[in-house]
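*Asks:* Have a look at this one.
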Amino acid sequence: MNMNDYHAEFEKITSRPYFSDKINGSRTKAFEKFIKSGIPNRKWENWRHTDLSIILKEKFRVPEKIDAPNNEIDLKDFKIEGAHTFVIYNGHYQESSEPLPEGLKVLTNLEYLERNNWGNNSIEKSPFDLLNTSLCDSGISLVIDDNIELHDPIQIVFFCSSNDQLMVSPRINVDINKSSSATIIEHYIDQSELFFQNTSMVISLKDNASLNHVCIQSNTDSAVNVSNLHVSQMKDSRYNFFQFIDGGGLSRSNIYTYLENENAECFLSGITLSNKKQHFDTNIITDHISPNCTSHQNFKSVLNGNSTGVFNGRTIVRENSQKTDSRQSNKNLLLSENAMMNSNPQLEIYADDVKCAHGSTTGALDEEALFYLRSRGIDHKSASSLLIRGFVSELIDELNNLDIKNYLFNRFDNWLKTNN
Amino acid sequence: MLQIKNLHVEVEGKKILNGIDIHIKKGEMHAIMGLNGSGKSTLSNTITGRENYTVTQGDILYKNESILEWSPEQRALAGIFMSFQYPTVISGVNMTYFLRAAVNSKRKDNNQKEYDAASFLKLIKSKLEDVGMNPSYLKRSVNEGFSGGEKKRNEILQLLCLEPDLAIMDETDSGLDIDAIKTISEGINNYKDKSKSFLVITHYQRLLKYINPDIVHVLIDGQIVKTGTKDLAIELEEKGYGWLEA
């Protein structure tokens, strides 16, 4: 895609009759900024280890009417027990006749986003957010009013299926208001050769709100998946994020969390499983803007074949953010000599009364442990599977929803069967 | 059961064992005594098939077959077990999962029906009692946070679960107090019968107070310098190793 190609796709979107001038005005501003910045290259500090040349080389188009689903979408392999499911098909929200869970409001037009200044000013930071604002033509806002405990998880399935190379830009907005709680699962799957997905998700947690957020990326080997996540946390709010990536060709997660008021807690964790030439990149900024907040980053990767990975976790503790408690951990297991991991946990501390720690390890399977298991009659492959499972299970085990936990353990065991 | 013939072993190019001959018959218990660095652990690691232990001469026959080319898991499935001197900690793998995987791979190899979670739990609970371990251990990661004594009990627990024909006890008594040694000896004695063979490797005579080896070998500098009965162990305790080194 060169800049002229982006212009052509942008024209297509803004000429669609259903968008107001106001919305197109905001888009135009974002698009101009995008054109100015361009797609990041490896000279950009935060993009050194991720090669985006595929986006430059290949051509993509925005979805059209012909990209709507022809028949019922079969989700049986991806359905998580007990969850209420929404489908975003080729970037478009699919209306469903299923009744909504009580307490949840779903707004499917872009006006809500416009009213809220597209969720958050800060999402202009990344060119991919700007591109999302420019090209998004469908979005949903999930709104939960004050004092509501949403029991069942909400699962948003992002499904891509096309013979053409699509560029899809869904936009999700989540507002959890005071003292409310919910569980949301983002789930990426596809049946495409090559496509470029660029999702932006903007989450706002008001005072004492709590959100469990699980992101599952199970795309096929050629998918390019960029996801941009922005979380703003107010007083006493609690955010638990868990990322599970077992598919895709190139994945980049941009995670920005802002602890904007006191006693907010932000726990980010994740597992990436890669093989062949897959490249998965997790890039995090946790910004302690207020004192007395807690943040954890706990990420693990298992890499096989020629796959590569990046963990770039940055925690900023601002000058007035005293009594911050922050921990970062990144552990990586290399199953092949050709796999490579770039791990870079960073603490940037400007306050003096804080508790911060970080650590990173990367290595092969423990030979001593392998021999111990084999000396008990467990064959080499089963022994290494047992050790890999031991390495990642700790993080999956921490999830408190049993259905999600079981689903992910199943996915993990399937990955192990074919990739170890 | 086990015939070690003129065994020479090198580790990273260094000669450790220099021609060892031992013949353990079915139902026999042999003890190997020796100081640190005499080659005791090299011998047990070589029998169980650990990597980097290179046999340069000689052979090891188990039930009349050479096992030198066998993988560690093949040896284990054939009935060879080693109680580790330093049992490995395996984080994230819980005891039940590990023990069931081990027992089931043996059952699978014997064309027996594999245990499901419930039937295995029943089996394992009675074995835990035999070694004086609390069922709460089953929920923990293998050897993680276990004391020295707990680790050794765990080795005996695995012995009882896997029911080997040949058990190699590599310094099972080291670092244990008398009570733990008694419990572990009981485990060994209860398991020992006419069909099982043992090779007990130890530094001290004290374990041999509680178990009764038929034959005692003394290993110095990678060679068996003397072979005798239990009396030899008692003699060693009194005189030390010096009188044998010449």
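By order in the structure tokens, chains are A, B, ...; within a chain, residues start at 1; ligands start at 1, following the order shown.
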Mind checking which residues fall within 9 Å of Lys226 (chain B), counting only C-alpha atoms, ignoring those fewer than 3 positions away in the same chain, and posting them as a ChimeraX atom specification?
*Replies:* /B:216-219,232,244
*Asks:* Next, dump the selected residues to file, keeping only N, CA and C atoms, as an mmCIF file, in the first residue's frame.
*Replies:*
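New file part06.cif:
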```cif
data_model
loop_
_atom_site.group_PDB
_atom_site.id
_atom_site.type_symbol
_atom_site.label_atom_id
_atom_site.label_comp_id
_atom_site.auth_asym_id
_atom_site.auth_seq_id
_atom_site.Cartn_x
_atom_site.Cartn_y
_atom_site.Cartn_z
ATOM 1 N N VAL B 216 28.320 -56.017 49.249
ATOM 2 C CA VAL B 216 28.799 -54.637 49.340
ATOM 3 C C VAL B 216 30.066 -54.492 48.494
ATOM 4 N N HIS B 217 30.081 -53.449 47.617
ATOM 5 C CA HIS B 217 31.276 -53.178 46.812
ATOM 6 C C HIS B 217 31.862 -51.855 47.274
ATOM 7 N N VAL B 218 33.163 -51.754 47.214
ATOM 8 C CA VAL B 218 33.787 -50.473 47.522
ATOM 9 C C VAL B 218 34.376 -49.911 46.239
ATOM 10 N N LEU B 219 33.978 -48.675 45.934
ATOM 11 C CA LEU B 219 34.411 -48.036 44.690
ATOM 12 C C LEU B 219 35.420 -46.937 45.010
ATOM 13 N N LEU B 232 31.660 -55.897 55.474
ATOM 14 C CA LEU B 232 32.619 -54.978 54.850
ATOM 15 C C LEU B 232 32.215 -53.534 55.128
ATOM 16 N N LEU B 244 42.009 -49.194 52.110
ATOM 17 C CA LEU B 244 41.783 -49.863 50.826
ATOM 18 C C LEU B 244 42.521 -49.197 49.676
#
```
*Asks:* Return as a ChimeraX atom specification the residues belonging to chain B that are within 9 Å of chain A, counting only C-alpha atoms.
*Replies:* /B:48-51,71-78,80-82,84,87-94,97-99,101-106,141,158,162
*Asks:* Would you export the selected residues with C-alpha atoms as a CSV table (one decimal), in the first residue's frame, please?
*Replies:*
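So again-v6.csv came out as:
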```csv
chain,number,residue,atom,x,y,z
B,48,THR,CA,19.8,-44.9,33.5
B,49,GLY,CA,21.0,-43.4,30.2
B,50,ARG,CA,21.8,-39.8,31.0
B,51,GLU,CA,23.3,-37.8,28.1
B,71,SER,CA,16.8,-44.0,25.6
B,72,PRO,CA,16.2,-43.2,29.3
B,73,GLU,CA,12.5,-43.7,28.8
B,74,GLN,CA,13.1,-47.2,27.2
B,75,ARG,CA,15.2,-48.2,30.2
B,76,ALA,CA,12.5,-46.9,32.6
B,77,LEU,CA,9.7,-48.7,30.8
B,78,ALA,CA,11.8,-51.9,30.9
B,80,ILE,CA,14.9,-49.7,35.7
B,81,PHE,CA,14.3,-46.9,38.2
B,82,MET,CA,16.7,-44.4,39.8
B,84,PHE,CA,17.8,-39.3,42.3
B,87,PRO,CA,15.6,-34.7,42.6
B,88,THR,CA,14.7,-32.0,40.1
B,89,VAL,CA,12.2,-29.2,40.8
B,90,ILE,CA,9.6,-29.0,38.0
B,91,SER,CA,7.7,-25.7,38.3
B,92,GLY,CA,4.1,-25.6,37.1
B,93,VAL,CA,3.8,-29.4,36.8
B,94,ASN,CA,1.7,-30.8,39.6
B,97,TYR,CA,-0.4,-34.9,36.7
B,98,PHE,CA,3.2,-36.0,36.7
B,99,LEU,CA,2.7,-39.3,38.6
B,101,ALA,CA,1.7,-39.5,33.3
B,102,ALA,CA,4.5,-41.7,34.5
B,103,VAL,CA,2.3,-44.6,35.6
B,104,ASN,CA,0.1,-44.4,32.5
B,105,SER,CA,3.1,-44.5,30.1
B,106,LYS,CA,4.2,-47.7,31.8
B,141,SER,CA,4.5,-28.7,41.7
B,158,GLN,CA,7.6,-42.9,42.6
B,162,LEU,CA,6.2,-47.5,39.0
```
*Asks:* Which neighbours of Ile211 (chain B) fall inside 8 Å, counting only C-alpha atoms, when residues of the same chain fewer than 6 positions from it are skipped, and could you give them as number ranges by chain?
*Replies:* B: 185, 188-189
*Asks:* May I have the residues within 8 Å of Val157 (chain A) as a PDB file with C-alpha atoms, in the first residue's frame, using only C-alpha atoms and disregarding those fewer than 6 positions away in the same chain?
*Replies:*
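What follows is the written file out14.pdb:
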```pdb
ATOM      1  CA  THR A  85     -21.558 -13.585  21.449  1.00  0.00           C
ATOM      2  CA  PHE A  86     -21.359 -10.640  19.061  1.00  0.00           C
ATOM      3  CA  VAL A  87     -19.889 -11.031  15.607  1.00  0.00           C
ATOM      4  CA  ILE A  88     -17.886  -8.483  13.681  1.00  0.00           C
ATOM      5  CA  GLU A 186     -12.117 -10.397  22.081  1.00  0.00           C
ATOM      6  CA  HIS A 187     -11.658 -13.307  19.761  1.00  0.00           C
ATOM      7  CA  TYR A 188      -9.941 -13.104  16.353  1.00  0.00           C
ATOM      8  CA  ILE A 189     -10.448 -15.801  13.747  1.00  0.00           C
TER       9      ILE A 189
END
```
*Asks:* Write out as a ChimeraX atom specification the residues lying within 7 Å of Phe244 (chain A), counting only C-alpha atoms and excluding same-chain residues fewer than 2 positions away.
*Replies:* /A:215-217,242,246,270-272
*Asks:* For region 24-36 of chain B, work out the shell of residues within 7 Å, counting only C-alpha atoms and skipping chain neighbours fewer than 4 positions away, then give it as a count of residues only.
*Replies:* 23
*Asks:* Looking only at alpha helix (DSSP H) from DSSP on the backbone, list the matching residues of region 6-164 of chain B as JSON, numbers by chain.
*Replies:* {"B": [40, 41, 42, 43, 44, 45, 46, 47, 48, 72, 73, 74, 75, 76, 77, 95, 96, 97, 98, 99, 100, 101, 102, 103, 104, 105, 106, 107, 108, 109, 117, 118, 119, 120, 121, 122, 123, 124, 125, 126, 127, 128, 129, 130, 148, 149, 150, 151, 152, 153, 154, 155, 156, 157, 158, 159, 160, 161, 162]}
*Asks:* Can you measure CA of Glu337 (chain A) to CA of Ile55 (chain A) for me? One decimal in Å is fine.
*Replies:*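 Computing it gives 28.1 Å between the two atoms.
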*Asks:* Could you please write out, as a PyMOL selection string, every residue of region 134-221 of chain B that DSSP assigns to strand (DSSP E)?
*Replies:* chain B and resi 141-142+166-170+197-202+215-220
*Asks:* Selection from above, C-alpha atoms, as a PDB file, in the first residue's frame, can you write it?
*Replies:*
```pdb
ATOM      1  CA  SER B 141       4.485 -28.725  41.716  1.00  0.00           C
ATOM      2  CA  VAL B 142       6.956 -31.598  41.531  1.00  0.00           C
ATOM      3  CA  LEU B 166      15.696 -52.855  39.326  1.00  0.00           C
ATOM      4  CA  ALA B 167      15.909 -49.874  41.639  1.00  0.00           C
ATOM      5  CA  ILE B 168      19.041 -47.763  41.878  1.00  0.00           C
ATOM      6  CA  MET B 169      19.070 -45.706  45.044  1.00  0.00           C
ATOM      7  CA  ASP B 170      21.553 -42.888  44.493  1.00  0.00           C
ATOM      8  CA  SER B 197      16.805 -56.129  42.646  1.00  0.00           C
ATOM      9  CA  PHE B 198      18.453 -53.120  44.241  1.00  0.00           C
ATOM     10  CA  LEU B 199      21.621 -51.173  43.749  1.00  0.00           C
ATOM     11  CA  VAL B 200      22.090 -48.899  46.735  1.00  0.00           C
ATOM     12  CA  ILE B 201      24.711 -46.217  46.392  1.00  0.00           C
ATOM     13  CA  THR B 202      25.863 -44.606  49.588  1.00  0.00           C
ATOM     14  CA  ILE B 215      26.754 -57.780  48.685  1.00  0.00           C
ATOM     15  CA  VAL B 216      28.799 -54.637  49.340  1.00  0.00           C
ATOM     16  CA  HIS B 217      31.276 -53.178  46.812  1.00  0.00           C
ATOM     17  CA  VAL B 218      33.787 -50.473  47.522  1.00  0.00           C
ATOM     18  CA  LEU B 219      34.411 -48.036  44.690  1.00  0.00           C
ATOM     19  CA  ILE B 220      37.585 -46.004  44.580  1.00  0.00           C
TER      20      ILE B 220
END
```
*Asks:* Restricting the calculation to only C-alpha atoms: of A:Thr282, A:Gln155, A:Ser15, A:Ser96, which residue gets closest to Asn212 (chain A)?
*Replies:*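 The answer is A:Gln155, which sits nearest to Asn212 (chain A).
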